[in-house]
file coords_39.pdb (PDB, C-alpha atoms)
ATOM      1  CA  MET G  24     143.371 121.691  32.999  1.00  0.00           C
ATOM      2  CA  THR G  25     141.359 120.721  29.936  1.00  0.00           C
ATOM      3  CA  ARG G  26     143.885 117.982  29.097  1.00  0.00           C
ATOM      4  CA  LEU G  27     143.424 116.600  32.581  1.00  0.00           C
ATOM      5  CA  ILE G  28     139.638 116.592  32.223  1.00  0.00           C
ATOM      6  CA  HIS G  29     139.794 114.925  28.793  1.00  0.00           C
ATOM      7  CA  SER G  30     142.106 112.194  30.137  1.00  0.00           C
ATOM      8  CA  LEU G  31     139.629 111.171  32.885  1.00  0.00           C
ATOM      9  CA  PRO G  32     137.669 108.685  30.708  1.00  0.00           C
ATOM     10  CA  GLN G  33     140.908 106.770  30.073  1.00  0.00           C
ATOM     11  CA  LEU G  34     141.366 105.998  33.777  1.00  0.00           C
ATOM     12  CA  THR G  35     140.431 102.616  35.174  1.00  0.00           C
ATOM     13  CA  HIS G  36     137.753 102.226  37.842  1.00  0.00           C
ATOM     14  CA  HIS G  37     140.371 101.792  40.578  1.00  0.00           C
ATOM     15  CA  GLN G  38     142.263 104.896  39.430  1.00  0.00           C
ATOM     16  CA  ARG G  39     139.023 106.926  39.435  1.00  0.00           C
ATOM     17  CA  GLN G  40     138.318 105.803  43.001  1.00  0.00           C
ATOM     18  CA  GLN G  41     141.820 106.840  44.093  1.00  0.00           C
ATOM     19  CA  LEU G  42     141.412 110.207  42.381  1.00  0.00           C
ATOM     20  CA  ALA G  43     138.013 110.765  44.020  1.00  0.00           C
ATOM     21  CA  SER G  44     139.316 109.880  47.484  1.00  0.00           C
ATOM     22  CA  SER G  45     142.343 112.172  47.033  1.00  0.00           C
ATOM     23  CA  LEU G  46     140.134 115.067  45.941  1.00  0.00           C
ATOM     24  CA  GLN G  47     137.774 114.438  48.865  1.00  0.00           C
ATOM     25  CA  ALA G  48     140.727 114.474  51.279  1.00  0.00           C
ATOM     26  CA  LEU G  49     141.883 117.822  49.852  1.00  0.00           C
ATOM     27  CA  LEU G  50     138.363 119.207  50.170  1.00  0.00           C
ATOM     28  CA  ASP G  51     138.041 118.015  53.780  1.00  0.00           C
ATOM     29  CA  HIS G  52     141.483 119.453  54.606  1.00  0.00           C
ATOM     30  CA  SER G  53     140.529 122.859  53.218  1.00  0.00           C
ATOM     31  CA  GLN G  54     137.168 122.728  55.037  1.00  0.00           C
ATOM     32  CA  ALA G  55     138.870 122.028  58.363  1.00  0.00           C
ATOM     33  CA  ILE G  56     141.318 124.886  57.839  1.00  0.00           C
ATOM     34  CA  ALA G  57     138.465 127.229  56.856  1.00  0.00           C
ATOM     35  CA  VAL G  58     136.568 126.398  60.058  1.00  0.00           C
ATOM     36  CA  VAL G  59     139.667 126.962  62.200  1.00  0.00           C
ATOM     37  CA  GLU G  60     140.557 130.229  60.452  1.00  0.00           C
ATOM     38  CA  ALA G  61     136.974 131.515  60.747  1.00  0.00           C
ATOM     39  CA  HIS G  62     137.013 130.890  64.492  1.00  0.00           C
ATOM     40  CA  SER G  63     140.394 132.584  64.903  1.00  0.00           C
ATOM     41  CA  ASP G  64     139.184 135.758  63.170  1.00  0.00           C
ATOM     42  CA  VAL G  65     136.644 136.310  65.944  1.00  0.00           C
ATOM     43  CA  CYS G  66     139.089 136.303  68.855  1.00  0.00           C
ATOM     44  CA  ARG G  67     142.607 137.113  67.741  1.00  0.00           C
ATOM     45  CA  ALA G  68     145.005 137.643  70.627  1.00  0.00           C
ATOM     46  CA  CYS G  69     148.323 136.119  71.614  1.00  0.00           C
ATOM     47  CA  PRO G  70     147.678 132.903  73.572  1.00  0.00           C
ATOM     48  CA  HIS G  71     150.899 133.443  75.554  1.00  0.00           C
ATOM     49  CA  CYS G  72     150.571 137.061  76.751  1.00  0.00           C
ATOM     50  CA  ASN G  73     147.026 137.956  75.580  1.00  0.00           C
ATOM     51  CA  SER G  74     148.296 140.956  73.611  1.00  0.00           C
ATOM     52  CA  SER G  75     146.519 142.170  70.488  1.00  0.00           C
ATOM     53  CA  LEU G  76     149.682 143.551  68.845  1.00  0.00           C
ATOM     54  CA  LEU G  77     150.043 140.893  66.138  1.00  0.00           C
ATOM     55  CA  VAL G  78     151.531 140.667  62.670  1.00  0.00           C
ATOM     56  CA  LYS G  79     151.184 137.932  60.084  1.00  0.00           C
ATOM     57  CA  ASN G  80     154.253 135.721  59.986  1.00  0.00           C
ATOM     58  CA  GLY G  81     153.878 133.313  57.050  1.00  0.00           C
ATOM     59  CA  SER G  82     151.920 130.096  57.014  1.00  0.00           C
ATOM     60  CA  ALA G  83     152.618 126.506  57.981  1.00  0.00           C
ATOM     61  CA  ASN G  84     150.562 123.451  57.012  1.00  0.00           C
ATOM     62  CA  GLY G  85     147.887 125.668  55.499  1.00  0.00           C
ATOM     63  CA  LEU G  86     147.349 127.735  58.643  1.00  0.00           C
ATOM     64  CA  GLN G  87     148.267 131.404  58.946  1.00  0.00           C
ATOM     65  CA  ARG G  88     151.012 132.001  61.529  1.00  0.00           C
ATOM     66  CA  PHE G  89     151.183 135.161  63.629  1.00  0.00           C
ATOM     67  CA  LYS G  90     153.928 136.832  65.609  1.00  0.00           C
ATOM     68  CA  CYS G  91     153.237 138.754  68.773  1.00  0.00           C
ATOM     69  CA  ARG G  92     154.942 142.141  68.910  1.00  0.00           C
ATOM     70  CA  HIS G  93     154.807 142.116  72.688  1.00  0.00           C
ATOM     71  CA  CYS G  94     156.395 138.746  73.587  1.00  0.00           C
ATOM     72  CA  ALA G  95     157.914 137.937  70.134  1.00  0.00           C
ATOM     73  CA  ARG G  96     156.464 134.399  70.117  1.00  0.00           C
ATOM     74  CA  THR G  97     154.784 132.843  67.104  1.00  0.00           C
ATOM     75  CA  PHE G  98     151.522 130.926  67.037  1.00  0.00           C
ATOM     76  CA  ASN G  99     148.663 129.871  64.795  1.00  0.00           C
ATOM     77  CA  ALA G 100     144.897 129.584  65.281  1.00  0.00           C
ATOM     78  CA  LEU G 101     145.228 126.193  66.995  1.00  0.00           C
ATOM     79  CA  THR G 102     147.860 127.143  69.567  1.00  0.00           C
ATOM     80  CA  GLY G 103     146.515 126.747  73.075  1.00  0.00           C
ATOM     81  CA  THR G 104     143.479 124.722  71.963  1.00  0.00           C
ATOM     82  CA  PRO G 105     142.826 120.996  72.387  1.00  0.00           C
ATOM     83  CA  LEU G 106     143.272 120.560  68.614  1.00  0.00           C
ATOM     84  CA  ALA G 107     146.869 121.808  68.675  1.00  0.00           C
ATOM     85  CA  ARG G 108     149.463 119.309  67.395  1.00  0.00           C
ATOM     86  CA  LEU G 109     146.838 116.990  65.884  1.00  0.00           C
ATOM     87  CA  HIS G 110     147.709 115.740  62.417  1.00  0.00           C
ATOM     88  CA  LEU G 111     145.567 114.414  59.554  1.00  0.00           C
ATOM     89  CA  ARG G 112     143.409 117.540  59.329  1.00  0.00           C
ATOM     90  CA  ASP G 113     141.692 116.120  56.267  1.00  0.00           C
ATOM     91  CA  LYS G 114     139.931 113.603  58.549  1.00  0.00           C
ATOM     92  CA  TRP G 115     138.793 116.071  61.222  1.00  0.00           C
ATOM     93  CA  MET G 116     135.460 116.789  59.536  1.00  0.00           C
ATOM     94  CA  GLY G 117     134.760 113.056  59.365  1.00  0.00           C
ATOM     95  CA  GLN G 118     135.583 112.771  63.071  1.00  0.00           C
ATOM     96  CA  ALA G 119     133.198 115.618  63.899  1.00  0.00           C
ATOM     97  CA  GLN G 120     130.468 114.002  61.808  1.00  0.00           C
ATOM     98  CA  ALA G 121     131.028 110.603  63.457  1.00  0.00           C
ATOM     99  CA  LEU G 122     130.924 112.257  66.878  1.00  0.00           C
ATOM    100  CA  GLY G 123     127.573 113.795  65.999  1.00  0.00           C
ATOM    101  CA  GLU G 124     126.235 110.436  64.833  1.00  0.00           C
ATOM    102  CA  GLY G 125     127.351 108.741  68.057  1.00  0.00           C
ATOM    103  CA  LEU G 126     129.386 105.995  66.401  1.00  0.00           C
ATOM    104  CA  SER G 127     131.558 103.612  68.406  1.00  0.00           C
ATOM    105  CA  LEU G 128     135.348 103.894  68.377  1.00  0.00           C
ATOM    106  CA  ASN G 129     135.698 100.825  66.152  1.00  0.00           C
ATOM    107  CA  GLN G 130     133.274 102.246  63.598  1.00  0.00           C
ATOM    108  CA  VAL G 131     135.006 105.639  63.609  1.00  0.00           C
ATOM    109  CA  ALA G 132     138.455 104.055  63.227  1.00  0.00           C
ATOM    110  CA  ARG G 133     137.251 101.932  60.300  1.00  0.00           C
ATOM    111  CA  ARG G 134     135.458 104.831  58.600  1.00  0.00           C
ATOM    112  CA  LEU G 135     138.403 107.231  58.864  1.00  0.00           C
ATOM    113  CA  GLY G 136     141.155 104.682  58.333  1.00  0.00           C
ATOM    114  CA  VAL G 137     142.981 105.460  61.576  1.00  0.00           C
ATOM    115  CA  ALA G 138     143.976 103.370  64.581  1.00  0.00           C
ATOM    116  CA  GLN G 139     141.508 102.917  67.414  1.00  0.00           C
ATOM    117  CA  SER G 140     143.861 104.751  69.785  1.00  0.00           C
ATOM    118  CA  THR G 141     143.890 107.720  67.391  1.00  0.00           C
ATOM    119  CA  ALA G 142     140.096 107.738  67.245  1.00  0.00           C
ATOM    120  CA  LEU G 143     139.967 107.720  71.064  1.00  0.00           C
ATOM    121  CA  ARG G 144     142.497 110.553  71.362  1.00  0.00           C
ATOM    122  CA  TRP G 145     140.620 112.608  68.759  1.00  0.00           C
ATOM    123  CA  ARG G 146     137.311 111.994  70.519  1.00  0.00           C
ATOM    124  CA  HIS G 147     138.715 113.296  73.796  1.00  0.00           C
ATOM    125  CA  ARG G 148     140.290 116.324  72.102  1.00  0.00           C
ATOM    126  CA  PHE G 149     137.114 117.168  70.178  1.00  0.00           C
ATOM    127  CA  LEU G 150     135.002 116.836  73.330  1.00  0.00           C
ATOM    128  CA  ALA G 151     137.440 119.082  75.230  1.00  0.00           C
ATOM    129  CA  CYS G 152     136.909 121.973  72.782  1.00  0.00           C
ATOM    130  CA  PRO G 153     133.507 123.131  74.095  1.00  0.00           C
ATOM    131  CA  SER G 154     134.746 123.031  77.703  1.00  0.00           C
ATOM    132  CA  ASN G 155     136.930 126.061  76.901  1.00  0.00           C
ATOM    133  CA  GLN G 156     133.841 128.066  75.933  1.00  0.00           C
ATOM    134  CA  GLN G 157     132.185 130.055  78.673  1.00  0.00           C
ATOM    135  CA  ALA G 158     128.398 130.070  78.626  1.00  0.00           C
ATOM    136  CA  GLY G 159     126.655 133.388  78.231  1.00  0.00           C
ATOM    137  CA  GLN G 160     123.880 134.717  80.405  1.00  0.00           C
ATOM    138  CA  LEU G 161     120.757 132.583  80.523  1.00  0.00           C
ATOM    139  CA  VAL G 162     117.603 134.244  79.277  1.00  0.00           C
ATOM    140  CA  GLY G 163     114.098 133.009  79.931  1.00  0.00           C
ATOM    141  CA  ILE G 164     112.970 130.199  82.169  1.00  0.00           C
ATOM    142  CA  ALA G 165     115.536 127.670  83.356  1.00  0.00           C
ATOM    143  CA  GLU G 166     114.397 124.564  85.207  1.00  0.00           C
ATOM    144  CA  ALA G 167     116.565 122.204  87.221  1.00  0.00           C
ATOM    145  CA  ASP G 168     115.844 118.884  88.847  1.00  0.00           C
ATOM    146  CA  GLU G 169     117.843 116.905  91.374  1.00  0.00           C
ATOM    147  CA  SER G 170     120.563 114.685  90.003  1.00  0.00           C
ATOM    148  CA  TYR G 171     122.400 111.856  91.696  1.00  0.00           C
ATOM    149  CA  PHE G 172     125.993 111.079  90.836  1.00  0.00           C
ATOM    150  CA  LEU G 173     127.683 107.927  92.055  1.00  0.00           C
ATOM    151  CA  VAL G 174     130.970 108.733  93.739  1.00  0.00           C
ATOM    152  CA  SER G 175     133.758 106.211  93.828  1.00  0.00           C
ATOM    153  CA  CYS G 176     136.400 106.662  96.486  1.00  0.00           C
ATOM    154  CA  LYS G 177     138.364 103.665  95.292  1.00  0.00           C
ATOM    155  CA  GLY G 178     142.093 104.278  95.603  1.00  0.00           C
ATOM    156  CA  GLN G 179     141.728 107.526  97.512  1.00  0.00           C
ATOM    157  CA  ARG G 180     143.227 108.043 100.938  1.00  0.00           C
ATOM    158  CA  GLY G 181     140.577 110.294 102.438  1.00  0.00           C
ATOM    159  CA  LEU G 182     137.283 108.388 102.472  1.00  0.00           C
ATOM    160  CA  LEU G 183     134.017 110.259 102.746  1.00  0.00           C
ATOM    161  CA  ARG G 184     132.632 107.530 105.024  1.00  0.00           C
ATOM    162  CA  ARG G 185     133.884 105.344 107.851  1.00  0.00           C
ATOM    163  CA  PRO G 186     135.643 102.123 106.799  1.00  0.00           C
ATOM    164  CA  ARG G 187     133.565  98.952 106.980  1.00  0.00           C
ATOM    165  CA  ARG G 188     136.223  96.868 108.741  1.00  0.00           C
TER     166      ARG G 188
END
call {"tool": "encode", "arguments": {"input": "coords_39.pdb", "output": "structure tokens"}}
result
Amino acid sequence: MTRLIHSLPQLTHHQRQQLASSLQALLDHSQAIAVVEAHSDVCRACPHCNSSLLVKNGSANGLQRFKCRHCARTFNALTGTPLARLHLRDKWMGQAQALGEGLSLNQVARRLGVAQSTALRWRHRFLACPSNQQAGQLVGIAEADESYFLVSCKGQRGLLRRPRR
């Protein structure tokens, strides 16, 4: 390790930038896995049969895998969530940050170095995560006002109104 540290001054500026970006990607990857693992510790049950009879069954791509003793199926913390089967975990934290900042798809795609279609898919998956959470009981004063939502019946067979023609 000390030889590696002493060889850093010999690197060119471009090599230092590559090293810094690689280390940042590793840090972001480990942060994303830590967030996912922390959430899975809270509610650990089989997503297939909802059993709590689980055993650890190795790890894959940095995530702990589990095996259900009841249905004998394997899963990880992401199974059954909108984030399942999404790759490039090292860029997830950047996506979450960009979502919080309200950036456009083009800006997110440029910042993360992914295609615009990937940024759109990730945005929809990240926004689908809170919809799985059930709200707790409201405490205190809750106020509501009327809201109007425009309804489009375009392309639907059963219209809510009489046809104009």
call {"tool": "residues_near_point", "arguments": {"input": "coords_39.pdb", "point": "(146.1, 142.6, 70.0)", "cutoff": "12 Å", "atoms": "only C-alpha atoms", "output": "ChimeraX atom specification"}}
result
/G:64,66-78,89-94
call {"tool": "closest_residue", "arguments": {"input": "coords_39.pdb", "among": "G:Leu182, G:Ala83, G:Leu42, G:Leu109", "to": "Thr97 (chain G)", "atoms": "only C-alpha atoms"}}
result
G:Ala83
call {"tool": "residues_around", "arguments": {"input": "coords_39.pdb", "residues": "Pro186 (chain G)", "least_positions_apart": "4", "cutoff": "12 Å", "atoms": "all atoms listed in the file", "output": "ChimeraX atom specification"}}
result
/G:176-177,180-182
call {"tool": "atom_distance", "arguments": {"input": "coords_39.pdb", "atom1": "CA of Glu124 (chain G)", "atom2": "CA of Trp145 (chain G)"}}
result
15.1 Å
call {"tool": "atom_distance", "arguments": {"input": "coords_39.pdb", "atom1": "CA of Leu126 (chain G)", "atom2": "CA of Arg148 (chain G)"}}
result
16.1 Å
